[in-house]
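Containing compact mmCIF, C-alpha atoms: run.txt.
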# COMPACT_ATOMS: atom_id res chain seq x y z
CA MET R 233 90.01 138.38 63.43
CA ARG R 234 93.06 139.46 61.55
CA ARG R 235 95.03 139.27 64.74
CA GLU R 236 93.76 135.74 65.41
CA ALA R 237 94.78 134.65 61.94
CA ALA R 238 98.22 136.10 62.47
CA THR R 239 98.53 134.31 65.77
CA GLU R 240 97.43 131.02 64.25
CA SER R 241 99.88 131.26 61.40
CA SER R 242 102.70 132.07 63.77
CA VAL R 243 102.12 128.91 65.77
CA VAL R 244 104.67 126.70 64.09
CA PRO R 245 104.86 123.19 65.57
CA LEU R 246 108.54 123.34 66.36
CA GLY R 247 108.47 120.72 69.10
CA ARG R 248 108.70 117.11 68.01
CA SER R 249 105.75 115.35 69.58
CA THR R 250 106.14 117.30 72.81
CA SER R 251 103.11 115.60 74.27
CA GLN R 252 105.11 112.36 74.30
CA ASP R 253 108.26 113.86 75.81
CA GLN R 254 109.50 112.37 79.04
CA GLN R 255 112.51 113.05 81.20
CA PHE R 256 115.15 110.36 81.53
CA GLU R 257 118.07 110.32 83.97
CA VAL R 258 121.49 109.18 82.78
CA PHE R 259 124.04 107.34 84.92
CA GLY R 260 127.54 106.28 84.01
CA ARG R 261 130.82 104.94 85.30
CA ASP R 262 134.17 105.26 83.61
CA GLN R 263 135.87 102.46 85.56
CA MET R 264 134.31 99.23 86.77
CA GLU R 265 135.45 99.78 90.37
CA ARG R 266 133.70 103.15 90.54
CA PRO R 267 130.01 103.52 91.38
CA LEU R 268 127.39 104.51 88.84
CA SER R 269 126.99 108.28 89.08
CA HIS R 270 124.29 110.56 87.88
CA ILE R 271 125.72 112.49 84.93
CA GLY R 272 122.69 114.30 83.53
CA SER R 273 119.19 114.24 82.12
CA ILE R 274 117.66 113.72 78.69
CA VAL R 275 114.25 114.65 77.34
CA ALA R 276 112.97 112.32 74.63
CA PRO R 277 109.65 111.05 73.27
CA ASN R 278 110.63 107.38 73.55
CA GLN R 279 113.22 105.01 74.98
CA GLU R 280 115.09 104.56 71.70
CA LEU R 281 115.80 108.26 71.37
CA ALA R 282 116.62 108.53 75.07
CA VAL R 283 119.26 105.81 74.87
CA ALA R 284 120.73 107.04 71.60
CA ARG R 285 120.82 110.64 72.75
CA ALA R 286 122.38 109.71 76.08
CA ARG R 287 125.19 107.87 74.36
CA ILE R 288 125.73 110.69 71.82
CA LEU R 289 125.42 113.63 74.24
CA TYR R 290 127.42 112.23 77.13
CA SER R 291 130.40 111.14 75.08
CA GLU R 292 132.96 113.24 76.92
CA ARG R 293 134.36 110.14 78.62
CA GLN R 294 135.04 106.57 77.63
CA TRP R 295 132.27 105.01 79.71
CA VAL R 296 132.41 101.35 80.68
CA GLU R 297 128.73 101.50 81.62
CA LEU R 298 125.99 103.94 80.75
CA ARG R 299 122.40 103.52 81.91
CA VAL R 300 119.21 105.45 81.30
CA ALA R 301 116.07 105.37 83.44
CA PRO R 302 112.73 107.19 83.11
CA ALA R 303 112.65 109.94 85.74
CA ALA R 304 109.08 108.88 86.53
CA SER R 305 110.28 105.47 87.67
CA PHE R 306 112.09 106.93 90.70
CA MET R 307 110.31 106.60 94.04
CA ASP R 308 110.10 109.51 96.43
CA CYS R 309 112.22 109.14 99.52
CA LEU R 310 113.14 112.63 100.62
CA GLN R 311 112.30 115.63 98.56
CA GLN R 312 112.97 119.28 99.11
CA GLY R 313 109.93 121.54 99.01
CA ARG R 314 107.69 119.35 101.12
CA ASP R 315 106.66 120.65 104.51
CA GLY R 316 109.91 119.51 106.09
CA THR R 317 108.51 116.41 107.72
CA VAL R 318 110.21 113.04 107.44
CA GLY R 319 108.67 109.65 108.17
CA LEU R 320 105.90 109.81 110.74
CA ALA R 321 106.93 113.15 112.18
CA MET A 251 148.88 88.69 53.54
CA SER A 252 148.67 89.74 49.92
CA TYR A 253 145.86 89.03 47.51
CA PRO A 254 145.85 88.75 43.70
CA ASP A 255 145.48 92.08 41.90
CA GLY A 256 141.88 91.39 40.94
CA VAL A 257 140.90 90.77 44.55
CA THR A 258 142.75 93.86 45.78
CA ALA A 259 141.05 96.01 43.16
CA ALA A 260 137.64 94.61 44.09
CA LEU A 261 138.33 95.17 47.79
CA GLN A 262 139.39 98.77 47.16
CA GLY A 263 136.17 99.36 45.26
CA GLU A 264 134.05 97.88 48.06
CA LEU A 265 135.86 99.80 50.80
CA LEU A 266 135.34 103.00 48.84
CA CYS A 267 131.63 102.20 48.50
CA ILE A 268 131.42 102.01 52.30
CA ALA A 269 133.67 105.02 52.90
CA ASP A 270 131.99 107.26 50.35
CA SER A 271 128.48 106.35 51.44
CA ASN A 272 129.41 107.19 55.03
CA TRP A 273 131.01 110.39 53.75
CA VAL A 274 127.89 111.54 51.91
CA LEU A 275 125.60 110.32 54.70
CA GLY A 276 127.62 112.33 57.22
CA HIS A 277 127.09 115.41 55.08
CA TRP A 278 123.36 114.69 54.92
CA TYR A 279 123.34 115.06 58.69
CA VAL A 280 125.45 118.22 58.47
CA ASN A 281 123.26 119.74 55.78
CA CYS A 282 119.98 118.88 57.51
CA MET A 283 121.05 119.47 61.11
CA LEU A 284 119.06 122.67 61.41
CA ASN A 285 115.91 120.79 60.42
CA GLY A 286 115.99 119.19 63.85
CA ARG A 287 113.22 120.57 65.99
CA GLU A 288 114.81 120.22 69.40
CA LEU A 289 118.22 121.04 70.78
CA THR A 290 118.78 117.33 71.35
CA ASP A 291 118.01 116.66 67.67
CA PHE A 292 120.74 119.12 66.68
CA THR A 293 123.26 117.57 69.00
CA SER A 294 122.31 114.02 68.03
CA MET A 295 122.70 114.86 64.35
CA ALA A 296 126.01 116.59 65.00
CA GLY A 297 127.23 113.56 66.96
CA ILE A 298 126.15 111.10 64.27
CA ALA A 299 127.65 113.28 61.53
CA GLU A 300 130.95 113.31 63.40
CA GLU A 301 130.97 109.52 63.59
CA LYS A 302 129.89 108.94 59.98
CA LEU A 303 132.60 111.30 58.75
CA GLY A 304 134.96 109.53 61.14
CA HIS A 305 134.15 106.18 59.52
CA ALA A 306 134.79 107.64 56.07
CA ARG A 307 138.08 109.22 57.12
CA ALA A 308 139.24 106.07 58.92
CA LEU A 309 138.76 104.14 55.68
CA PHE A 310 140.38 106.88 53.60
CA ARG A 311 143.44 106.92 55.86
CA PHE A 312 143.58 103.12 55.95
CA MET A 313 143.47 102.88 52.15
CA GLU A 314 146.04 105.60 51.72
CA GLU A 315 148.44 103.84 54.07
CA ARG A 316 147.74 100.33 52.86
CA TYR A 317 147.88 101.05 49.15
CA GLY A 318 150.53 103.76 49.20
CA LEU A 319 148.30 106.58 48.03
CA PRO A 320 149.27 110.19 48.75
CA GLU A 321 147.55 111.52 51.86
CA HIS A 322 144.19 113.29 51.56
CA GLN A 323 143.78 112.38 47.87
CA LEU A 324 140.64 110.38 48.52
CA GLU A 325 139.00 113.20 50.44
CA PHE A 326 140.08 116.24 48.47
CA ALA A 327 141.39 115.24 45.07
CA ARG A 328 138.52 113.34 43.48
CA SER A 329 135.77 114.60 41.26
CA ALA A 330 132.03 114.11 41.63
CA ASP A 331 132.01 111.38 38.99
CA GLY A 332 134.59 109.32 40.87
CA VAL A 333 132.71 108.92 44.13
CA HIS A 334 131.35 105.47 45.08
CA SER A 335 128.45 106.60 47.30
CA MET A 336 125.01 105.02 47.01
CA ALA A 337 122.77 106.79 44.49
CA LEU A 338 120.00 106.77 47.10
CA LEU A 339 121.71 109.77 48.71
CA ASP A 340 121.92 111.89 45.55
CA ALA A 341 118.52 113.59 45.80
CA PRO A 342 117.93 115.87 48.81
CA PRO A 343 115.16 115.08 51.32
CA GLN A 344 111.70 116.42 50.46
CA ASN A 345 110.43 116.62 54.04
CA TRP A 346 111.21 115.43 57.56
CA ALA A 347 109.76 111.96 56.94
CA ASP A 348 111.73 111.54 53.72
CA PHE A 349 114.86 112.61 55.60
CA ILE A 350 114.35 110.04 58.35
CA LEU A 351 113.41 107.33 55.85
CA THR A 352 116.52 107.95 53.74
CA LEU A 353 118.71 107.84 56.83
CA PHE A 354 117.04 104.55 57.75
CA LEU A 355 117.55 102.99 54.30
CA ALA A 356 121.12 104.23 53.91
CA ASP A 357 122.21 103.18 57.39
CA LYS A 358 120.63 99.73 57.18
CA ALA A 359 122.02 99.12 53.67
CA LEU A 360 125.47 100.29 54.74
CA TRP A 361 125.50 98.04 57.76
CA ARG A 362 124.18 94.95 55.95
CA PHE A 363 126.86 95.51 53.31
CA ALA A 364 129.69 96.19 55.79
CA ASP A 365 128.66 93.22 57.91
CA THR A 366 129.63 90.84 55.08
CA LEU A 367 133.27 91.88 55.67
CA ARG A 368 133.13 91.83 59.47
CA LYS A 369 133.97 88.17 59.93
CA GLY A 370 136.17 87.86 56.86
CA GLY A 371 139.81 86.95 56.63
CA PHE A 372 141.07 90.47 55.98
CA ALA A 373 141.56 91.58 59.57
CA PRO A 374 142.01 95.34 59.02
CA ALA A 375 138.67 95.61 57.22
CA ALA A 376 136.98 93.21 59.66
CA ASN A 377 138.18 95.26 62.64
CA LEU A 378 137.06 98.54 61.09
CA MET A 379 133.62 97.12 60.32
CA THR A 380 133.28 95.86 63.89
CA ARG A 381 134.06 99.32 65.21
CA PHE A 382 131.63 100.92 62.74
CA GLY A 383 128.94 98.48 63.85
CA GLU A 384 129.32 99.47 67.49
CA GLU A 385 128.61 103.10 66.61
CA ALA A 386 126.03 102.43 63.89
CA TYR A 387 123.92 100.62 66.50
CA PHE A 388 123.27 103.94 68.22
CA HIS A 389 122.70 105.76 64.92
CA GLN A 390 120.03 103.22 64.04
CA LEU A 391 118.53 103.44 67.50
CA CYS A 392 118.21 107.19 67.05
CA ILE A 393 116.53 106.68 63.67
CA ASP A 394 114.18 104.10 65.24
CA GLY A 395 113.25 106.70 67.85
CA TRP A 396 112.61 109.34 65.22
CA LEU A 397 110.44 106.87 63.29
CA LYS A 398 108.36 106.09 66.37
CA ALA A 399 107.85 109.80 67.05
CA LEU A 400 106.43 110.61 63.59
CA ASP A 401 102.92 111.99 63.63
CA HIS A 402 100.08 110.72 61.42
CA GLY A 403 100.79 113.08 58.51
CA GLU A 404 104.50 112.34 58.60
CA ARG A 405 103.83 108.60 58.51
CA ASN A 406 101.87 109.06 55.30
CA ASP A 407 104.71 111.18 53.92
CA LEU A 408 107.10 108.38 54.81
CA ALA A 409 105.06 105.77 52.95
CA ALA A 410 105.05 107.99 49.86
CA ALA A 411 108.78 108.57 50.16
CA LEU A 412 109.46 104.85 50.53
CA ALA A 413 107.89 104.16 47.14
CA VAL A 414 110.45 106.55 45.61
CA ARG A 415 113.53 105.78 47.70
CA LEU A 416 113.40 102.00 47.94
CA PRO A 417 114.02 101.33 44.21
CA GLN A 418 117.07 103.62 44.50
CA ALA A 419 118.41 101.70 47.49
CA LEU A 420 118.07 98.10 46.32
CA PRO A 421 120.50 98.07 43.35
CA TRP A 422 123.35 98.98 45.70
CA PHE A 423 123.66 95.29 46.55
CA ASP A 424 124.15 94.29 42.90
CA GLY A 425 127.81 93.68 42.10
CA THR A 426 129.93 91.46 39.94
CA GLU A 427 129.32 87.71 39.88
CA PRO A 428 131.16 85.63 40.91
CA ASP A 429 132.31 87.79 43.79
CA PRO A 430 136.12 87.62 44.09
CA LEU A 431 135.95 88.63 47.76
CA ILE A 432 133.95 85.51 48.61
CA ASP A 433 136.52 83.28 46.94
CA ALA A 434 139.33 85.07 48.79
CA GLY A 435 137.60 84.65 52.16
CA ILE A 436 137.37 88.41 52.69
CA ARG A 437 133.58 88.36 52.49
CA THR A 438 131.85 85.61 54.43
CA GLU A 439 128.30 86.17 53.25
CA PRO A 440 127.11 86.77 49.67
CA LEU A 441 125.64 90.20 49.01
CA ALA A 442 122.42 88.47 47.96
CA SER A 443 122.01 87.41 51.60
CA ALA A 444 122.85 90.92 52.78
CA ARG A 445 120.14 92.22 50.48
CA GLU A 446 117.64 89.75 51.94
CA ARG A 447 118.46 91.02 55.42
CA PHE A 448 118.04 94.58 54.21
CA GLU A 449 114.66 93.71 52.69
CA ALA A 450 113.60 92.22 56.03
CA ASP A 451 114.67 95.47 57.72
CA VAL A 452 112.47 97.42 55.33
CA ARG A 453 109.51 95.08 55.90
CA ASN A 454 109.95 95.60 59.64
CA LEU A 455 109.38 99.32 59.09
CA SER A 456 105.68 98.54 59.15
CA GLU A 457 105.92 98.00 62.91
CA PRO A 458 106.73 101.61 63.90
CA VAL A 459 105.11 103.01 60.73
CA PRO A 460 102.05 100.88 59.80
CA SER A 461 101.29 103.12 56.80
CA VAL A 462 104.17 101.53 54.84
CA ALA A 463 102.58 98.06 54.93
CA GLY A 464 100.89 98.60 51.59
CA VAL A 465 104.07 99.87 49.97
CA VAL A 466 106.32 96.98 51.04
CA SER A 467 103.80 94.32 50.08
CA ARG A 468 103.41 95.33 46.42
CA HIS A 469 106.37 94.14 44.32
CA ALA A 470 108.48 96.60 46.26
CA PHE A 471 111.59 94.48 45.99
CA ASP A 472 111.31 93.47 42.34
CA GLY A 473 113.14 96.45 40.85
CA ALA A 474 116.00 95.79 38.47
CA LYS A 475 119.24 97.69 38.59
CA PRO A 476 119.57 100.65 36.24
CA ILE A 477 121.25 99.83 32.95
CA PRO A 478 124.06 100.52 32.33
CA TRP A 479 125.27 99.85 35.86
CA ASP A 480 128.76 100.48 37.22
CA ALA A 481 129.30 97.42 39.43
CA ARG A 482 132.53 98.84 40.84
CA ARG A 483 131.01 102.12 42.06
CA ARG A 484 127.59 100.53 42.65
CA ARG A 485 125.95 103.43 40.84
CA PRO A 486 124.51 104.02 37.36
CA LEU A 487 127.41 104.08 34.92
CA GLY A 488 128.90 107.54 34.44
CA SER A 489 126.75 109.11 37.15
CA ALA A 490 128.12 111.90 39.32
CA LEU A 491 127.06 113.45 42.59
CA PRO A 492 124.74 116.43 41.98
CA PRO A 493 126.75 119.69 41.96
CA ARG A 494 125.12 121.22 45.06
CA LEU A 495 125.65 118.09 47.12
CA TRP A 496 129.23 117.78 45.92
CA GLU A 497 129.92 121.44 46.71
CA SER A 498 128.72 120.87 50.27
CA ILE A 499 131.13 117.95 50.65
CA VAL A 500 134.26 119.36 49.04
CA PRO A 501 133.68 123.12 48.84
CA THR A 502 135.44 124.69 45.91
CA SER A 503 134.52 128.32 46.55
CA GLU A 504 137.41 130.68 47.09
CA ALA A 505 136.33 131.45 50.66
CA ALA A 506 136.09 127.78 51.55
CA GLN A 507 139.49 127.03 50.08
CA LEU A 508 141.06 129.93 51.95
CA ALA A 509 139.58 128.64 55.20
CA ARG A 510 140.61 125.04 54.60
CA ARG A 511 143.16 123.66 56.98
CA PRO A 512 146.48 123.38 55.15
CA LEU A 513 147.19 119.84 54.05
CA ALA A 514 150.48 118.11 54.56
CA VAL A 515 150.72 117.18 50.90
CA SER A 516 149.59 118.58 47.60
CA ILE A 517 146.15 117.46 46.50
CA ASP A 518 147.01 118.12 42.86
CA ASP A 519 148.61 114.73 42.44
CA ASN A 520 146.72 112.06 40.61
CA ILE A 521 146.10 108.62 41.96
CA ASP A 522 145.44 105.60 39.84
CA LEU A 523 142.52 104.07 41.75
CA PHE A 524 140.16 105.24 39.07
CA GLY A 525 142.24 104.60 36.02
CA LYS A 526 143.78 108.04 35.87
CA VAL A 527 147.30 108.49 34.60
CA LYS A 528 149.67 108.58 37.54
CA LYS A 529 152.19 111.36 37.82
CA ASP A 530 155.87 110.72 38.00
CA GLU A 531 156.37 109.33 41.52
CA THR A 532 159.86 110.78 41.74
CA GLU A 533 158.32 114.23 41.68
CA PRO A 534 158.68 115.78 45.14
CA GLN A 535 155.48 116.16 47.17
CA PHE A 536 154.92 118.89 49.69

Rendering of file as structure tokens:
Amino acid sequence: MRREAATESSVVPLGRSTSQDQQFEVFGRDQMERPLSHIGSIVAPNQELAVARARILYSERQWVELRVAPAASFMDCLQQGRDGTVGLA
Amino acid sequence: MSYPDGVTAALQGELLCIADSNWVLGHWYVNCMLNGRELTDFTSMAGIAEEKLGHARALFRFMEERYGLPEHQLEFARSADGVHSMALLDAPPQNWADFILTLFLADKALWRFADTLRKGGFAPAANLMTRFGEEAYFHQLCIDGWLKALDHGERNDLAAALAVRLPQALPWFDGTEPDPLIDAGIRTEPLASARERFEADVRNLSEPVPSVAGVVSRHAFDGAKPIPWDARRRRPLGSALPPRLWESIVPTSEAAQLARRPLAVSIDDNIDLFGKVKKDETEPQF
């Protein structure tokens, strides 16, 4: 009982709304003639924080374009860890 | 282009209101950074703090160059009763929701105020405000995200905090009438309009945080400015930053002073922006 109470009191909700957290992928280009490249990932509970965090965290270059997309919006094409088959094979 | 002395003095006061509010707001982020609950909160707050302090220092450097003030005087040689920051930022946050709300109010008020100079005829200020606006967009986006992520209890905390903080925020828009910056073409929109836009921003808070609807609908915007009011500093007359806040901004402890990066000039010189007696300008500075 005492142990349970101690465990309960030690569970401090440190995560901010972790149930809402999603992964976002960040793409950027530093010159218009270059292609958009994947530069990293962001975890955020909503799109506003994802965009703001992407711009703040990936500020090492003077980007001419920076884009953020929910990781869940990407469609599977090839993925490691499957059984090695591709297409109809 | 030169302006009459009265206009220049008014412009200096307004630029210091923007610079000092950014300065104190940047330190709010620094002081509260460890209240973030995720690594990305820490880094976001550090990034925003860097830019807010950057805005303050850009204005300090601009004013020092433009008005011939000794370097670093504005940052290191003033006292707590000479700062022009908004009184809203004097009291520390009571909880996470109060912190986010105060950031929201301060950032929106700062931008609505700065935006009145953005299309004005004084190009250096207009250009600085444009640059600040580009960065403040992302600061406000971050705050919007934090607002949306509040849980039920925090939303109630925020509504309670709004009832306290809003009356402190509104008087910031009250200045001298008629406004000499309007007549000089430096300000293109009266501060009364900026205040209306700010009030609309506050009303829109009820979208991400419905619990504030009751607070913003009840005479929330009727508050009068404190009397006596210092229209130049946009603070209650004679008010000073609280000692603990001031110490966090310009540390005076021996250890902090020892660790401070050496300055190119003495910070013991007086400047006359605030009516102090100026030292003999022939005195060598080092």

- Message: With all atoms listed in the file as the counted atoms, please give the residues lying no more than 9 Å from stretch 265-278 of chain R, apart from itself and same-chain residues fewer than 5 positions off, as a list of chain:residue names.
- Response: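 Near stretch 265-278 of chain R, the qualifying residues are R:Arg248, R:Ser249, R:Thr250, R:Ser251, R:Gln252, R:Asp253, R:Gln254, R:Gln255, R:Phe256, R:Glu257, R:Val258, R:Phe259, R:Gly260, R:Val283, R:Arg285, R:Ala286, R:Leu289, R:Tyr290, R:Glu297, R:Leu298, R:Arg299, R:Val300, R:Ala303, A:Thr290, A:Gly395, A:Trp396, A:Lys398, A:Ala399.
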
Keeping only C-alpha atoms, write those residues as a JSON list (two decimals), keeping the file's coordinate frame.
[["chain", "number", "residue", "atom", "x", "y", "z"],
["R", 248, "ARG", "CA", 108.70, 117.11, 68.01],
["R", 249, "SER", "CA", 105.75, 115.35, 69.58],
["R", 250, "THR", "CA", 106.14, 117.30, 72.81],
["R", 251, "SER", "CA", 103.11, 115.60, 74.27],
["R", 252, "GLN", "CA", 105.11, 112.36, 74.30],
["R", 253, "ASP", "CA", 108.26, 113.86, 75.81],
["R", 254, "GLN", "CA", 109.50, 112.37, 79.04],
["R", 255, "GLN", "CA", 112.51, 113.05, 81.20],
["R", 256, "PHE", "CA", 115.15, 110.36, 81.53],
["R", 257, "GLU", "CA", 118.07, 110.32, 83.97],
["R", 258, "VAL", "CA", 121.49, 109.18, 82.78],
["R", 259, "PHE", "CA", 124.04, 107.34, 84.92],
["R", 260, "GLY", "CA", 127.54, 106.28, 84.01],
["R", 283, "VAL", "CA", 119.26, 105.81, 74.87],
["R", 285, "ARG", "CA", 120.82, 110.64, 72.75],
["R", 286, "ALA", "CA", 122.38, 109.71, 76.08],
["R", 289, "LEU", "CA", 125.42, 113.63, 74.24],
["R", 290, "TYR", "CA", 127.42, 112.23, 77.13],
["R", 297, "GLU", "CA", 128.73, 101.50, 81.62],
["R", 298, "LEU", "CA", 125.99, 103.94, 80.75],
["R", 299, "ARG", "CA", 122.40, 103.52, 81.91],
["R", 300, "VAL", "CA", 119.21, 105.45, 81.30],
["R", 303, "ALA", "CA", 112.65, 109.94, 85.74],
["A", 290, "THR", "CA", 118.78, 117.33, 71.35],
["A", 395, "GLY", "CA", 113.25, 106.70, 67.85],
["A", 396, "TRP", "CA", 112.61, 109.34, 65.22],
["A", 398, "LYS", "CA", 108.36, 106.09, 66.37],
["A", 399, "ALA", "CA", 107.85, 109.80, 67.05]]

- Task: Work out how far apart atom CA of A:Glu446 and atom CA of A:Lys358 are and give it in Å to one decimal.
- Result: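 Result for atom CA of A:Glu446 versus atom CA of A:Lys358: 11.7 Å, one decimal.
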
- Message: Quick check, in Å to one decimal: how far apart do atom CA of R:Met307 and atom CA of R:Gln279 lie?
- Response: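 Computing the Euclidean distance for atom CA of R:Met307 and atom CA of R:Gln279 yields 19.3 Å.
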
Define the interface residues of chain A facing chain R as those within 12 Å, counting only C-alpha atoms, and report them as a PDB file with C-alpha atoms, in the coordinates of the input.
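As a result, result_32.pdb now contains:
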ATOM      1  CA  LEU A 284     119.060 122.670  61.410  1.00  0.00           C
ATOM      2  CA  ASN A 285     115.910 120.790  60.420  1.00  0.00           C
ATOM      3  CA  GLY A 286     115.990 119.190  63.850  1.00  0.00           C
ATOM      4  CA  ARG A 287     113.220 120.570  65.990  1.00  0.00           C
ATOM      5  CA  GLU A 288     114.810 120.220  69.400  1.00  0.00           C
ATOM      6  CA  LEU A 289     118.220 121.040  70.780  1.00  0.00           C
ATOM      7  CA  THR A 290     118.780 117.330  71.350  1.00  0.00           C
ATOM      8  CA  ASP A 291     118.010 116.660  67.670  1.00  0.00           C
ATOM      9  CA  PHE A 292     120.740 119.120  66.680  1.00  0.00           C
ATOM     10  CA  THR A 293     123.260 117.570  69.000  1.00  0.00           C
ATOM     11  CA  SER A 294     122.310 114.020  68.030  1.00  0.00           C
ATOM     12  CA  MET A 295     122.700 114.860  64.350  1.00  0.00           C
ATOM     13  CA  ALA A 296     126.010 116.590  65.000  1.00  0.00           C
ATOM     14  CA  GLY A 297     127.230 113.560  66.960  1.00  0.00           C
ATOM     15  CA  ILE A 298     126.150 111.100  64.270  1.00  0.00           C
ATOM     16  CA  ALA A 299     127.650 113.280  61.530  1.00  0.00           C
ATOM     17  CA  GLU A 300     130.950 113.310  63.400  1.00  0.00           C
ATOM     18  CA  GLU A 301     130.970 109.520  63.590  1.00  0.00           C
ATOM     19  CA  TRP A 346     111.210 115.430  57.560  1.00  0.00           C
ATOM     20  CA  GLU A 384     129.320  99.470  67.490  1.00  0.00           C
ATOM     21  CA  GLU A 385     128.610 103.100  66.610  1.00  0.00           C
ATOM     22  CA  ALA A 386     126.030 102.430  63.890  1.00  0.00           C
ATOM     23  CA  TYR A 387     123.920 100.620  66.500  1.00  0.00           C
ATOM     24  CA  PHE A 388     123.270 103.940  68.220  1.00  0.00           C
ATOM     25  CA  HIS A 389     122.700 105.760  64.920  1.00  0.00           C
ATOM     26  CA  GLN A 390     120.030 103.220  64.040  1.00  0.00           C
ATOM     27  CA  LEU A 391     118.530 103.440  67.500  1.00  0.00           C
ATOM     28  CA  CYS A 392     118.210 107.190  67.050  1.00  0.00           C
ATOM     29  CA  ILE A 393     116.530 106.680  63.670  1.00  0.00           C
ATOM     30  CA  ASP A 394     114.180 104.100  65.240  1.00  0.00           C
ATOM     31  CA  GLY A 395     113.250 106.700  67.850  1.00  0.00           C
ATOM     32  CA  TRP A 396     112.610 109.340  65.220  1.00  0.00           C
ATOM     33  CA  LEU A 397     110.440 106.870  63.290  1.00  0.00           C
ATOM     34  CA  LYS A 398     108.360 106.090  66.370  1.00  0.00           C
ATOM     35  CA  ALA A 399     107.850 109.800  67.050  1.00  0.00           C
ATOM     36  CA  LEU A 400     106.430 110.610  63.590  1.00  0.00           C
ATOM     37  CA  ASP A 401     102.920 111.990  63.630  1.00  0.00           C
ATOM     38  CA  HIS A 402     100.080 110.720  61.420  1.00  0.00           C
ATOM     39  CA  GLU A 404     104.500 112.340  58.600  1.00  0.00           C
ATOM     40  CA  PRO A 458     106.730 101.610  63.900  1.00  0.00           C
TER      41      PRO A 458
END

Please determine an axis-aligned box that encloses all atoms of stretch 262-268 of chain R listed in the file, with 5 Å added on each side, and express its centre and edge lengths in Å to one decimal as AutoDock Vina command-line options.
--center_x 131.6 --center_y 102.2 --center_z 87.5 --size_x 18.5 --size_y 16.0 --size_z 17.8

- Residue with smallest distance to A:Ala409 - pool A:His277, A:Ser456, A:Ala450, A:Leu324, counting all atoms listed in the file: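 With all atoms listed in the file as the atom set, the closest residue is A:Ser456.
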
- In Å to one decimal, how far is atom CA of A:Phe448 from atom CA of A:Phe354?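 Computing the Euclidean distance for atom CA of A:Phe354 and atom CA of A:Phe448 yields 10.6 Å.
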
- Message: Counting all atoms listed in the file, which residue out of A:Leu303, A:Gly370, A:Tyr279, A:Ile436 sits closest to A:Ile350?
- Response: A:Tyr279

- Message: Env of A:Asp424: 9 Å cut, atoms = only C-alpha atoms, seq-sep filter 3 positions within chain, self excluded. Answer as a ChimeraX atom specification.
- Response: /A:420-421,427,441-442,445,475,481,484

- Between A:Ala463, A:Met313, A:Met336, A:Leu378, smallest distance to A:Asp357 by all atoms listed in the file belongs to A:Met336

Select stretch 426-438 of chain A in the preceding structure and write N, CA and C atoms to a file as an mmCIF file, in the first residue's frame.
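Below is the file part-v3.cif, written as the result:
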data_model
loop_
_atom_site.group_PDB
_atom_site.id
_atom_site.type_symbol
_atom_site.label_atom_id
_atom_site.label_comp_id
_atom_site.auth_asym_id
_atom_site.auth_seq_id
_atom_site.Cartn_x
_atom_site.Cartn_y
_atom_site.Cartn_z
ATOM 1 N N THR A 426 0.806 59.635 -24.891
ATOM 2 C CA THR A 426 0.452 61.050 -24.906
ATOM 3 C C THR A 426 -0.418 61.356 -26.122
ATOM 4 N N GLU A 427 -1.346 62.262 -25.936
ATOM 5 C CA GLU A 427 -2.215 62.708 -27.029
ATOM 6 C C GLU A 427 -2.071 64.224 -27.169
ATOM 7 N N PRO A 428 -1.919 64.779 -28.371
ATOM 8 C CA PRO A 428 -1.792 64.050 -29.634
ATOM 9 C C PRO A 428 -0.416 63.386 -29.748
ATOM 10 N N ASP A 429 -0.362 62.354 -30.545
ATOM 11 C CA ASP A 429 0.862 61.578 -30.694
ATOM 12 C C ASP A 429 1.797 62.265 -31.697
ATOM 13 N N PRO A 430 2.959 62.754 -31.243
ATOM 14 C CA PRO A 430 3.845 63.459 -32.189
ATOM 15 C C PRO A 430 4.374 62.557 -33.304
ATOM 16 N N LEU A 431 4.404 61.255 -33.091
ATOM 17 C CA LEU A 431 4.923 60.357 -34.126
ATOM 18 C C LEU A 431 3.941 60.216 -35.291
ATOM 19 N N ILE A 432 2.654 60.378 -35.002
ATOM 20 C CA ILE A 432 1.657 60.350 -36.075
ATOM 21 C C ILE A 432 1.842 61.580 -36.960
ATOM 22 N N ASP A 433 1.964 62.740 -36.303
ATOM 23 C CA ASP A 433 2.115 63.980 -37.071
ATOM 24 C C ASP A 433 3.376 63.955 -37.920
ATOM 25 N N ALA A 434 4.427 63.309 -37.413
ATOM 26 C CA ALA A 434 5.708 63.265 -38.137
ATOM 27 C C ALA A 434 5.731 62.165 -39.200
ATOM 28 N N GLY A 435 4.697 61.363 -39.279
ATOM 29 C CA GLY A 435 4.653 60.292 -40.279
ATOM 30 C C GLY A 435 5.470 59.069 -39.903
ATOM 31 N N ILE A 436 5.953 59.032 -38.667
ATOM 32 C CA ILE A 436 6.751 57.873 -38.230
ATOM 33 C C ILE A 436 5.827 56.714 -37.861
ATOM 34 N N ARG A 437 4.686 57.067 -37.306
ATOM 35 C CA ARG A 437 3.680 56.056 -36.949
ATOM 36 C C ARG A 437 2.504 56.220 -37.897
ATOM 37 N N THR A 438 2.088 55.132 -38.521
ATOM 38 C CA THR A 438 1.033 55.253 -39.537
ATOM 39 C C THR A 438 -0.343 54.863 -39.003
#
